[in-house]
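File shown: work.pdb. Contents: PDB, C-alpha atoms.
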```pdb
ATOM      1  CA  MET A  19      86.268-154.350  33.827  1.00  0.00           C
ATOM      2  CA  PRO A  20      84.259-156.772  35.890  1.00  0.00           C
ATOM      3  CA  GLY A  21      80.633-155.711  36.100  1.00  0.00           C
ATOM      4  CA  VAL A  22      80.552-153.787  32.822  1.00  0.00           C
ATOM      5  CA  GLY A  23      78.145-156.246  31.175  1.00  0.00           C
ATOM      6  CA  LYS A  24      80.470-158.412  29.067  1.00  0.00           C
ATOM      7  CA  SER A  25      78.509-161.597  29.666  1.00  0.00           C
ATOM      8  CA  THR A  26      75.046-160.115  29.160  1.00  0.00           C
ATOM      9  CA  ASP A  27      76.073-158.145  26.087  1.00  0.00           C
ATOM     10  CA  GLY A  28      78.222-160.990  24.779  1.00  0.00           C
ATOM     11  CA  VAL A  29      75.362-163.497  24.717  1.00  0.00           C
ATOM     12  CA  LEU A  30      73.171-161.031  22.827  1.00  0.00           C
ATOM     13  CA  LEU A  31      75.993-160.233  20.391  1.00  0.00           C
ATOM     14  CA  ALA A  32      76.692-163.922  19.754  1.00  0.00           C
ATOM     15  CA  LYS A  33      73.019-164.499  18.928  1.00  0.00           C
ATOM     16  CA  ARG A  34      73.012-161.571  16.503  1.00  0.00           C
ATOM     17  CA  LEU A  35      76.199-162.780  14.792  1.00  0.00           C
ATOM     18  CA  GLY A  36      75.328-166.481  14.842  1.00  0.00           C
ATOM     19  CA  PHE A  37      78.505-167.219  16.809  1.00  0.00           C
ATOM     20  CA  SER A  38      79.182-169.307  19.883  1.00  0.00           C
ATOM     21  CA  PHE A  39      79.627-167.490  23.186  1.00  0.00           C
ATOM     22  CA  ILE A  40      82.310-168.170  25.785  1.00  0.00           C
ATOM     23  CA  ASP A  41      82.508-166.547  29.196  1.00  0.00           C
ATOM     24  CA  THR A  42      86.074-167.339  30.223  1.00  0.00           C
ATOM     25  CA  ASP A  43      85.289-167.027  33.925  1.00  0.00           C
ATOM     26  CA  ILE A  44      82.741-169.837  33.634  1.00  0.00           C
ATOM     27  CA  TYR A  45      85.052-171.823  31.360  1.00  0.00           C
ATOM     28  CA  ILE A  46      87.865-171.629  33.930  1.00  0.00           C
ATOM     29  CA  GLN A  47      85.572-172.544  36.830  1.00  0.00           C
ATOM     30  CA  VAL A  48      84.289-175.620  34.976  1.00  0.00           C
ATOM     31  CA  ARG A  49      87.768-176.731  33.905  1.00  0.00           C
ATOM     32  CA  GLU A  50      89.282-176.164  37.363  1.00  0.00           C
ATOM     33  CA  GLY A  51      86.297-177.460  39.361  1.00  0.00           C
ATOM     34  CA  ARG A  52      86.457-174.417  41.656  1.00  0.00           C
ATOM     35  CA  SER A  53      85.029-170.924  41.774  1.00  0.00           C
ATOM     36  CA  LEU A  54      87.202-167.983  40.799  1.00  0.00           C
ATOM     37  CA  GLN A  55      87.215-166.826  44.419  1.00  0.00           C
ATOM     38  CA  GLU A  56      88.504-170.225  45.561  1.00  0.00           C
ATOM     39  CA  LEU A  57      91.240-170.212  42.902  1.00  0.00           C
ATOM     40  CA  ILE A  58      92.394-166.701  43.817  1.00  0.00           C
ATOM     41  CA  ARG A  59      92.369-167.557  47.535  1.00  0.00           C
ATOM     42  CA  ALA A  60      94.251-170.821  46.979  1.00  0.00           C
ATOM     43  CA  TYR A  61      96.878-169.587  44.541  1.00  0.00           C
ATOM     44  CA  GLY A  62      97.024-165.799  44.803  1.00  0.00           C
ATOM     45  CA  SER A  63      96.475-163.255  42.057  1.00  0.00           C
ATOM     46  CA  ASP A  64      99.665-163.863  40.058  1.00  0.00           C
ATOM     47  CA  GLU A  65      99.196-167.615  39.842  1.00  0.00           C
ATOM     48  CA  PHE A  66      95.485-167.176  39.099  1.00  0.00           C
ATOM     49  CA  CYS A  67      96.402-164.940  36.151  1.00  0.00           C
ATOM     50  CA  ARG A  68      98.790-167.650  34.902  1.00  0.00           C
ATOM     51  CA  ILE A  69      96.007-170.250  35.174  1.00  0.00           C
ATOM     52  CA  GLU A  70      93.617-167.881  33.389  1.00  0.00           C
ATOM     53  CA  GLU A  71      96.134-167.358  30.595  1.00  0.00           C
ATOM     54  CA  ALA A  72      96.722-171.104  30.178  1.00  0.00           C
ATOM     55  CA  HIS A  73      92.997-171.699  29.716  1.00  0.00           C
ATOM     56  CA  ILE A  74      92.555-168.774  27.333  1.00  0.00           C
ATOM     57  CA  LEU A  75      95.391-170.058  25.158  1.00  0.00           C
ATOM     58  CA  THR A  76      93.375-173.265  24.605  1.00  0.00           C
ATOM     59  CA  LEU A  77      90.331-171.456  23.205  1.00  0.00           C
ATOM     60  CA  ALA A  78      89.349-171.475  19.564  1.00  0.00           C
ATOM     61  CA  VAL A  79      88.687-167.818  18.929  1.00  0.00           C
ATOM     62  CA  GLU A  80      87.332-167.828  15.389  1.00  0.00           C
ATOM     63  CA  SER A  81      83.539-167.396  15.103  1.00  0.00           C
ATOM     64  CA  HIS A  82      83.190-166.881  18.842  1.00  0.00           C
ATOM     65  CA  VAL A  83      82.181-163.985  21.027  1.00  0.00           C
ATOM     66  CA  ILE A  84      84.423-164.209  24.059  1.00  0.00           C
ATOM     67  CA  ALA A  85      83.837-162.370  27.322  1.00  0.00           C
ATOM     68  CA  PRO A  86      87.189-162.606  29.092  1.00  0.00           C
ATOM     69  CA  GLY A  87      87.761-162.011  32.755  1.00  0.00           C
ATOM     70  CA  GLY A  88      88.909-158.469  33.435  1.00  0.00           C
ATOM     71  CA  SER A  89      92.357-159.577  34.608  1.00  0.00           C
ATOM     72  CA  VAL A  90      93.299-161.095  31.239  1.00  0.00           C
ATOM     73  CA  VAL A  91      94.814-157.723  30.237  1.00  0.00           C
ATOM     74  CA  TYR A  92      97.730-158.473  32.567  1.00  0.00           C
ATOM     75  CA  ARG A  93      98.818-161.317  30.259  1.00  0.00           C
ATOM     76  CA  PRO A  94     100.049-160.165  26.814  1.00  0.00           C
ATOM     77  CA  ASN A  95     100.118-163.700  25.384  1.00  0.00           C
ATOM     78  CA  ALA A  96      96.483-164.262  26.321  1.00  0.00           C
ATOM     79  CA  MET A  97      95.479-160.930  24.809  1.00  0.00           C
ATOM     80  CA  GLY A  98      97.445-161.714  21.662  1.00  0.00           C
ATOM     81  CA  HIS A  99      95.622-165.028  21.352  1.00  0.00           C
ATOM     82  CA  LEU A 100      92.198-163.421  21.824  1.00  0.00           C
ATOM     83  CA  LYS A 101      93.034-160.823  19.171  1.00  0.00           C
ATOM     84  CA  SER A 102      94.692-163.316  16.789  1.00  0.00           C
ATOM     85  CA  ASN A 103      91.631-163.713  14.596  1.00  0.00           C
ATOM     86  CA  GLY A 104      89.161-161.254  15.962  1.00  0.00           C
ATOM     87  CA  ILE A 105      88.287-157.820  17.154  1.00  0.00           C
ATOM     88  CA  ALA A 106      88.725-156.636  20.727  1.00  0.00           C
ATOM     89  CA  ILE A 107      85.994-154.297  21.906  1.00  0.00           C
ATOM     90  CA  TYR A 108      86.460-152.449  25.184  1.00  0.00           C
ATOM     91  CA  LEU A 109      83.174-151.807  26.967  1.00  0.00           C
ATOM     92  CA  ASP A 110      83.844-148.583  28.827  1.00  0.00           C
ATOM     93  CA  ILE A 111      81.922-147.538  31.905  1.00  0.00           C
ATOM     94  CA  ALA A 112      82.269-144.575  34.227  1.00  0.00           C
ATOM     95  CA  VAL A 113      83.917-145.570  37.485  1.00  0.00           C
ATOM     96  CA  GLU A 114      80.930-144.217  39.450  1.00  0.00           C
ATOM     97  CA  HIS A 115      78.588-146.648  37.651  1.00  0.00           C
ATOM     98  CA  LEU A 116      81.078-149.452  38.062  1.00  0.00           C
ATOM     99  CA  LYS A 117      81.262-148.942  41.820  1.00  0.00           C
ATOM    100  CA  ARG A 118      77.491-149.372  42.088  1.00  0.00           C
ATOM    101  CA  ARG A 119      77.645-152.621  40.124  1.00  0.00           C
ATOM    102  CA  LEU A 120      80.613-154.055  42.029  1.00  0.00           C
ATOM    103  CA  ASP A 121      79.399-154.059  45.590  1.00  0.00           C
ATOM    104  CA  ASP A 122      80.387-157.764  45.792  1.00  0.00           C
ATOM    105  CA  VAL A 123      83.994-157.723  44.527  1.00  0.00           C
ATOM    106  CA  ASP A 124      85.138-160.545  46.802  1.00  0.00           C
ATOM    107  CA  ALA A 125      82.234-162.808  45.858  1.00  0.00           C
ATOM    108  CA  ARG A 126      82.815-162.199  42.137  1.00  0.00           C
ATOM    109  CA  GLY A 127      86.381-163.486  42.092  1.00  0.00           C
ATOM    110  CA  VAL A 128      87.990-160.244  40.958  1.00  0.00           C
ATOM    111  CA  VAL A 129      91.782-160.030  40.876  1.00  0.00           C
ATOM    112  CA  ILE A 130      92.287-157.022  43.139  1.00  0.00           C
ATOM    113  CA  GLY A 131      95.101-156.244  45.523  1.00  0.00           C
ATOM    114  CA  PRO A 132      94.648-156.078  49.294  1.00  0.00           C
ATOM    115  CA  GLY A 133      93.224-152.690  50.161  1.00  0.00           C
ATOM    116  CA  GLN A 134      92.917-151.738  46.501  1.00  0.00           C
ATOM    117  CA  THR A 135      89.810-149.743  45.633  1.00  0.00           C
ATOM    118  CA  ILE A 136      87.590-150.028  42.575  1.00  0.00           C
ATOM    119  CA  GLU A 137      88.874-146.588  41.547  1.00  0.00           C
ATOM    120  CA  SER A 138      92.519-147.653  41.690  1.00  0.00           C
ATOM    121  CA  LEU A 139      91.775-150.957  39.917  1.00  0.00           C
ATOM    122  CA  TYR A 140      89.980-149.004  37.182  1.00  0.00           C
ATOM    123  CA  ALA A 141      92.887-146.553  36.888  1.00  0.00           C
ATOM    124  CA  GLU A 142      95.353-149.447  36.667  1.00  0.00           C
ATOM    125  CA  ARG A 143      93.463-151.503  34.078  1.00  0.00           C
ATOM    126  CA  ARG A 144      91.839-148.881  31.854  1.00  0.00           C
ATOM    127  CA  PRO A 145      95.095-147.990  29.990  1.00  0.00           C
ATOM    128  CA  LEU A 146      95.644-151.707  29.330  1.00  0.00           C
ATOM    129  CA  TYR A 147      92.100-152.158  28.002  1.00  0.00           C
ATOM    130  CA  LEU A 148      92.584-149.170  25.709  1.00  0.00           C
ATOM    131  CA  LYS A 149      95.956-150.509  24.549  1.00  0.00           C
ATOM    132  CA  TYR A 150      94.448-153.776  23.334  1.00  0.00           C
ATOM    133  CA  ALA A 151      91.091-152.455  22.115  1.00  0.00           C
ATOM    134  CA  ASP A 152      90.359-152.206  18.423  1.00  0.00           C
ATOM    135  CA  ALA A 153      87.317-150.125  19.374  1.00  0.00           C
ATOM    136  CA  THR A 154      85.754-148.692  22.519  1.00  0.00           C
ATOM    137  CA  VAL A 155      82.027-148.604  23.245  1.00  0.00           C
ATOM    138  CA  ALA A 156      80.806-146.347  26.045  1.00  0.00           C
ATOM    139  CA  THR A 157      78.071-148.210  27.918  1.00  0.00           C
ATOM    140  CA  ASP A 158      76.844-145.607  30.406  1.00  0.00           C
ATOM    141  CA  GLY A 159      73.085-145.178  30.217  1.00  0.00           C
ATOM    142  CA  LEU A 160      72.651-147.791  27.488  1.00  0.00           C
ATOM    143  CA  THR A 161      70.547-150.944  27.552  1.00  0.00           C
ATOM    144  CA  PRO A 162      72.240-154.216  26.592  1.00  0.00           C
ATOM    145  CA  ASP A 163      70.529-154.075  23.170  1.00  0.00           C
ATOM    146  CA  GLN A 164      71.891-150.571  22.614  1.00  0.00           C
ATOM    147  CA  VAL A 165      75.390-151.671  23.619  1.00  0.00           C
ATOM    148  CA  VAL A 166      75.179-154.579  21.170  1.00  0.00           C
ATOM    149  CA  GLY A 167      74.043-152.194  18.440  1.00  0.00           C
ATOM    150  CA  ARG A 168      77.084-149.991  19.052  1.00  0.00           C
ATOM    151  CA  VAL A 169      79.381-153.023  19.102  1.00  0.00           C
ATOM    152  CA  LEU A 170      77.925-154.174  15.772  1.00  0.00           C
ATOM    153  CA  ASP A 171      78.512-150.688  14.345  1.00  0.00           C
ATOM    154  CA  ALA A 172      82.139-150.845  15.514  1.00  0.00           C
ATOM    155  CA  ILE A 173      82.607-154.313  14.011  1.00  0.00           C
ATOM    156  CA  GLU A 174      81.163-153.163  10.690  1.00  0.00           C
ATOM    157  CA  PHE A 175      83.462-150.147  10.690  1.00  0.00           C
ATOM    158  CA  LEU A 176      86.515-152.305  11.451  1.00  0.00           C
ATOM    159  CA  ASN A 177      85.482-155.149   9.156  1.00  0.00           C
ATOM    160  CA  PRO A 178      83.712-153.625   6.154  1.00  0.00           C
ATOM    161  CA  PRO A 179      81.889-155.830   3.641  1.00  0.00           C
ATOM    162  CA  GLY A 180      84.351-157.733   1.496  1.00  0.00           C
ATOM    163  CA  ALA A 181      86.993-157.984   4.227  1.00  0.00           C
ATOM    164  CA  SER A 182      88.162-161.407   5.368  1.00  0.00           C
ATOM    165  CA  PRO A 183      85.498-163.191   7.449  1.00  0.00           C
ATOM    166  CA  GLY A 184      85.923-163.840  11.153  1.00  0.00           C
ATOM    167  CA  ARG A 185      87.741-160.607  11.892  1.00  0.00           C
TER     168      ARG A 185
END
```
Take the structure in this file and express it as structure tokens.
Amino acid sequence: MPGVGKSTDGVLLAKRLGFSFIDTDIYIQVREGRSLQELIRAYGSDEFCRIEEAHILTLAVESHVIAPGGSVVYRPNAMGHLKSNGIAIYLDIAVEHLKRRLDDVDARGVVIGPGQTIESLYAERRPLYLKYADATVATDGLTPDQVVGRVLDAIEFLNPPGASPGR
């Protein structure tokens, strides 16, 4: 979900792993020369998701920590690409905490329907996040360093020593 801490935690995780870090929201904004909000306003949510997918499909995913925009779960091809040589970790947050963090939904460039609430967006997306996740890390009450520690534990569990690198 937007506001869960993907970018903050992702940078810390990339440093710990010695990987590059990509925030796809920033990547898209740089490539398109517009903010996410401007793209969503200009093209609408469906077309924005197509643009997002097109950019994600160009990313090299090996040896990278990638913090995708929350709407990427609407595009199976984009999710397949992100998971093609890596592990998908879902950072879970209670909707009550999320609402406090997302008091600026419009300014953040979140794909959300007219009149849709944070609660309904969460209810819509959470099953998709769980569908694609190789592991889930609950983030409530944790510092970014603690979240990264739990992500590293999940990666080690999913990719034990001796397994193929990069996964």
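Distances to Glu174 of chain A were evaluated for A:Ile84, A:Arg52, A:Ile58, A:Ile105 using all atoms listed in the file, and the minimum falls at A:Ile105.
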| said: For this structure, which residues satisfy the selection - the PyMOL selection byres ((chain A and resi 20) around 9) - when it is evaluated on the file as given? I want them as an MDAnalysis selection string. | reply: chainID A and resid 19 21:24 87:89 116 119:120 123 126 128
| task | Compare A:Asp121, A:Thr26, A:Leu31, A:Gly131 by their minimum atom-to-atom distance to Gly167 of chain A, counting all atoms listed in the file, and give me the closest one. | result |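 Comparing A:Asp121, A:Thr26, A:Leu31, A:Gly131 against Gly167 of chain A, the winner is A:Leu31.
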| said: Could you check the closest approach to Val90 of chain A for each of A:Ile111, A:Cys67, A:Ala153, A:Ala172 and tell me which residue wins, using only C-alpha atoms? | reply: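 Answer, going by the shortest atom-to-atom distance: A:Cys67.
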Please write the residues picked by the PyMOL selection byres ((chain A and resi 158) around 9) on this file as a compact mmCIF listing (two decimals) with C-alpha atoms, keeping the file's coordinate frame.
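For reference, result.txt as written:
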```txt
# COMPACT_ATOMS: atom_id res chain seq x y z
CA ASP A 110 83.84 -148.58 28.83
CA ILE A 111 81.92 -147.54 31.90
CA ALA A 112 82.27 -144.57 34.23
CA HIS A 115 78.59 -146.65 37.65
CA ALA A 156 80.81 -146.35 26.04
CA THR A 157 78.07 -148.21 27.92
CA GLY A 159 73.08 -145.18 30.22
CA LEU A 160 72.65 -147.79 27.49
CA THR A 161 70.55 -150.94 27.55
```
| message | Given the PyMOL selection byres ((chain A and resi 142) around 12) and the file above, list the residues it selects as a PyMOL selection string. | response | chain A and resi 19+88-89+91-92+129-131+134-141+143-148
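Going from atom CA of Pro162 of chain A over to atom CA of Tyr45 of chain A, you cover 22.3 Å.
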| message | I'd like the contact shell of segment 101-104 of chain A - 10 Å cut-off, all atoms listed in the file, skipping same-chain residues fewer than 4 positions apart - returned as a PyMOL selection string. | response | chain A and resi 78-84+95-97+150-152+173+177+183-185
If I only want segment 40-79 of chain A, can you write it with N, CA and C atoms, as a PDB file, in the first residue's frame?
```pdb
ATOM      1  N   ILE A  40      15.502   0.878  -6.391  1.00  0.00           N
ATOM      2  CA  ILE A  40      14.656   1.592  -7.349  1.00  0.00           C
ATOM      3  C   ILE A  40      13.291   1.823  -6.719  1.00  0.00           C
ATOM      4  N   ASP A  41      12.890   3.071  -6.669  1.00  0.00           N
ATOM      5  CA  ASP A  41      11.525   3.438  -6.302  1.00  0.00           C
ATOM      6  C   ASP A  41      10.822   3.682  -7.634  1.00  0.00           C
ATOM      7  N   THR A  42       9.882   2.825  -7.991  1.00  0.00           N
ATOM      8  CA  THR A  42       9.285   2.935  -9.323  1.00  0.00           C
ATOM      9  C   THR A  42       8.478   4.212  -9.504  1.00  0.00           C
ATOM     10  N   ASP A  43       7.937   4.756  -8.425  1.00  0.00           N
ATOM     11  CA  ASP A  43       7.219   6.029  -8.557  1.00  0.00           C
ATOM     12  C   ASP A  43       8.164   7.124  -9.034  1.00  0.00           C
ATOM     13  N   ILE A  44       9.341   7.187  -8.442  1.00  0.00           N
ATOM     14  CA  ILE A  44      10.332   8.196  -8.856  1.00  0.00           C
ATOM     15  C   ILE A  44      10.817   7.903 -10.269  1.00  0.00           C
ATOM     16  N   TYR A  45      11.072   6.646 -10.557  1.00  0.00           N
ATOM     17  CA  TYR A  45      11.522   6.233 -11.886  1.00  0.00           C
ATOM     18  C   TYR A  45      10.524   6.689 -12.961  1.00  0.00           C
ATOM     19  N   ILE A  46       9.246   6.455 -12.711  1.00  0.00           N
ATOM     20  CA  ILE A  46       8.207   6.844 -13.672  1.00  0.00           C
ATOM     21  C   ILE A  46       8.152   8.358 -13.819  1.00  0.00           C
ATOM     22  N   GLN A  47       8.199   9.077 -12.709  1.00  0.00           N
ATOM     23  CA  GLN A  47       8.151  10.542 -12.766  1.00  0.00           C
ATOM     24  C   GLN A  47       9.318  11.103 -13.576  1.00  0.00           C
ATOM     25  N   VAL A  48      10.503  10.558 -13.384  1.00  0.00           N
ATOM     26  CA  VAL A  48      11.680  11.032 -14.126  1.00  0.00           C
ATOM     27  C   VAL A  48      11.529  10.716 -15.608  1.00  0.00           C
ATOM     28  N   ARG A  49      11.118   9.495 -15.914  1.00  0.00           N
ATOM     29  CA  ARG A  49      10.985   9.083 -17.320  1.00  0.00           C
ATOM     30  C   ARG A  49       9.871   9.843 -18.046  1.00  0.00           C
ATOM     31  N   GLU A  50       8.785  10.140 -17.333  1.00  0.00           N
ATOM     32  CA  GLU A  50       7.643  10.818 -17.944  1.00  0.00           C
ATOM     33  C   GLU A  50       7.746  12.343 -17.871  1.00  0.00           C
ATOM     34  N   GLY A  51       8.615  12.854 -16.991  1.00  0.00           N
ATOM     35  CA  GLY A  51       8.750  14.302 -16.840  1.00  0.00           C
ATOM     36  C   GLY A  51       7.550  14.964 -16.194  1.00  0.00           C
ATOM     37  N   ARG A  52       6.784  14.185 -15.431  1.00  0.00           N
ATOM     38  CA  ARG A  52       5.593  14.685 -14.734  1.00  0.00           C
ATOM     39  C   ARG A  52       5.454  13.954 -13.412  1.00  0.00           C
ATOM     40  N   SER A  53       4.751  14.582 -12.486  1.00  0.00           N
ATOM     41  CA  SER A  53       4.468  13.918 -11.213  1.00  0.00           C
ATOM     42  C   SER A  53       3.411  12.840 -11.423  1.00  0.00           C
ATOM     43  N   LEU A  54       3.326  11.928 -10.485  1.00  0.00           N
ATOM     44  CA  LEU A  54       2.299  10.886 -10.563  1.00  0.00           C
ATOM     45  C   LEU A  54       0.907  11.497 -10.609  1.00  0.00           C
ATOM     46  N   GLN A  55       0.695  12.525  -9.763  1.00  0.00           N
ATOM     47  CA  GLN A  55      -0.612  13.181  -9.728  1.00  0.00           C
ATOM     48  C   GLN A  55      -0.975  13.739 -11.105  1.00  0.00           C
ATOM     49  N   GLU A  56      -0.002  14.378 -11.755  1.00  0.00           N
ATOM     50  CA  GLU A  56      -0.257  14.947 -13.085  1.00  0.00           C
ATOM     51  C   GLU A  56      -0.583  13.845 -14.095  1.00  0.00           C
ATOM     52  N   LEU A  57       0.129  12.734 -14.028  1.00  0.00           N
ATOM     53  CA  LEU A  57      -0.125  11.623 -14.953  1.00  0.00           C
ATOM     54  C   LEU A  57      -1.520  11.030 -14.740  1.00  0.00           C
ATOM     55  N   ILE A  58      -1.887  10.836 -13.478  1.00  0.00           N
ATOM     56  CA  ILE A  58      -3.218  10.277 -13.188  1.00  0.00           C
ATOM     57  C   ILE A  58      -4.307  11.241 -13.641  1.00  0.00           C
ATOM     58  N   ARG A  59      -4.109  12.533 -13.369  1.00  0.00           N
ATOM     59  CA  ARG A  59      -5.102  13.538 -13.793  1.00  0.00           C
ATOM     60  C   ARG A  59      -5.217  13.594 -15.313  1.00  0.00           C
ATOM     61  N   ALA A  60      -4.076  13.526 -16.005  1.00  0.00           N
ATOM     62  CA  ALA A  60      -4.079  13.658 -17.459  1.00  0.00           C
ATOM     63  C   ALA A  60      -4.632  12.429 -18.167  1.00  0.00           C
ATOM     64  N   TYR A  61      -4.340  11.249 -17.643  1.00  0.00           N
ATOM     65  CA  TYR A  61      -4.672  10.025 -18.363  1.00  0.00           C
ATOM     66  C   TYR A  61      -5.735   9.159 -17.705  1.00  0.00           C
ATOM     67  N   GLY A  62      -6.006   9.380 -16.432  1.00  0.00           N
ATOM     68  CA  GLY A  62      -6.931   8.517 -15.705  1.00  0.00           C
ATOM     69  C   GLY A  62      -6.199   7.322 -15.118  1.00  0.00           C
ATOM     70  N   SER A  63      -6.862   6.641 -14.214  1.00  0.00           N
ATOM     71  CA  SER A  63      -6.235   5.539 -13.479  1.00  0.00           C
ATOM     72  C   SER A  63      -5.854   4.362 -14.365  1.00  0.00           C
ATOM     73  N   ASP A  64      -6.740   3.953 -15.275  1.00  0.00           N
ATOM     74  CA  ASP A  64      -6.446   2.786 -16.108  1.00  0.00           C
ATOM     75  C   ASP A  64      -5.233   3.014 -16.997  1.00  0.00           C
ATOM     76  N   GLU A  65      -5.187   4.163 -17.639  1.00  0.00           N
ATOM     77  CA  GLU A  65      -4.053   4.463 -18.518  1.00  0.00           C
ATOM     78  C   GLU A  65      -2.779   4.662 -17.689  1.00  0.00           C
ATOM     79  N   PHE A  66      -2.903   5.272 -16.517  1.00  0.00           N
ATOM     80  CA  PHE A  66      -1.724   5.406 -15.655  1.00  0.00           C
ATOM     81  C   PHE A  66      -1.161   4.024 -15.318  1.00  0.00           C
ATOM     82  N   CYS A  67      -2.028   3.080 -14.991  1.00  0.00           N
ATOM     83  CA  CYS A  67      -1.563   1.730 -14.657  1.00  0.00           C
ATOM     84  C   CYS A  67      -0.881   1.070 -15.857  1.00  0.00           C
ATOM     85  N   ARG A  68      -1.345   1.363 -17.068  1.00  0.00           N
ATOM     86  CA  ARG A  68      -0.680   0.839 -18.267  1.00  0.00           C
ATOM     87  C   ARG A  68       0.703   1.453 -18.421  1.00  0.00           C
ATOM     88  N   ILE A  69       0.807   2.769 -18.187  1.00  0.00           N
ATOM     89  CA  ILE A  69       2.097   3.460 -18.251  1.00  0.00           C
ATOM     90  C   ILE A  69       3.046   2.896 -17.193  1.00  0.00           C
ATOM     91  N   GLU A  70       2.518   2.717 -15.980  1.00  0.00           N
ATOM     92  CA  GLU A  70       3.316   2.150 -14.888  1.00  0.00           C
ATOM     93  C   GLU A  70       3.848   0.769 -15.282  1.00  0.00           C
ATOM     94  N   GLU A  71       2.980  -0.056 -15.821  1.00  0.00           N
ATOM     95  CA  GLU A  71       3.387  -1.399 -16.234  1.00  0.00           C
ATOM     96  C   GLU A  71       4.481  -1.341 -17.294  1.00  0.00           C
ATOM     97  N   ALA A  72       4.313  -0.482 -18.297  1.00  0.00           N
ATOM     98  CA  ALA A  72       5.308  -0.367 -19.365  1.00  0.00           C
ATOM     99  C   ALA A  72       6.680  -0.021 -18.802  1.00  0.00           C
ATOM    100  N   HIS A  73       6.729   0.881 -17.844  1.00  0.00           N
ATOM    101  CA  HIS A  73       8.017   1.249 -17.244  1.00  0.00           C
ATOM    102  C   HIS A  73       8.581   0.117 -16.402  1.00  0.00           C
ATOM    103  N   ILE A  74       7.743  -0.562 -15.656  1.00  0.00           N
ATOM    104  CA  ILE A  74       8.221  -1.663 -14.812  1.00  0.00           C
ATOM    105  C   ILE A  74       8.788  -2.788 -15.669  1.00  0.00           C
ATOM    106  N   LEU A  75       8.187  -3.030 -16.819  1.00  0.00           N
ATOM    107  CA  LEU A  75       8.679  -4.096 -17.692  1.00  0.00           C
ATOM    108  C   LEU A  75      10.062  -3.798 -18.264  1.00  0.00           C
ATOM    109  N   THR A  76      10.523  -2.547 -18.158  1.00  0.00           N
ATOM    110  CA  THR A  76      11.868  -2.204 -18.645  1.00  0.00           C
ATOM    111  C   THR A  76      12.945  -2.373 -17.575  1.00  0.00           C
ATOM    112  N   LEU A  77      12.547  -2.611 -16.341  1.00  0.00           N
ATOM    113  CA  LEU A  77      13.511  -2.672 -15.241  1.00  0.00           C
ATOM    114  C   LEU A  77      14.284  -3.984 -15.209  1.00  0.00           C
ATOM    115  N   ALA A  78      15.576  -3.857 -14.924  1.00  0.00           N
ATOM    116  CA  ALA A  78      16.378  -5.031 -14.583  1.00  0.00           C
ATOM    117  C   ALA A  78      16.081  -5.321 -13.119  1.00  0.00           C
ATOM    118  N   VAL A  79      15.639  -6.518 -12.833  1.00  0.00           N
ATOM    119  CA  VAL A  79      15.211  -6.805 -11.468  1.00  0.00           C
ATOM    120  C   VAL A  79      16.264  -7.537 -10.644  1.00  0.00           C
TER     121      VAL A  79
END
```
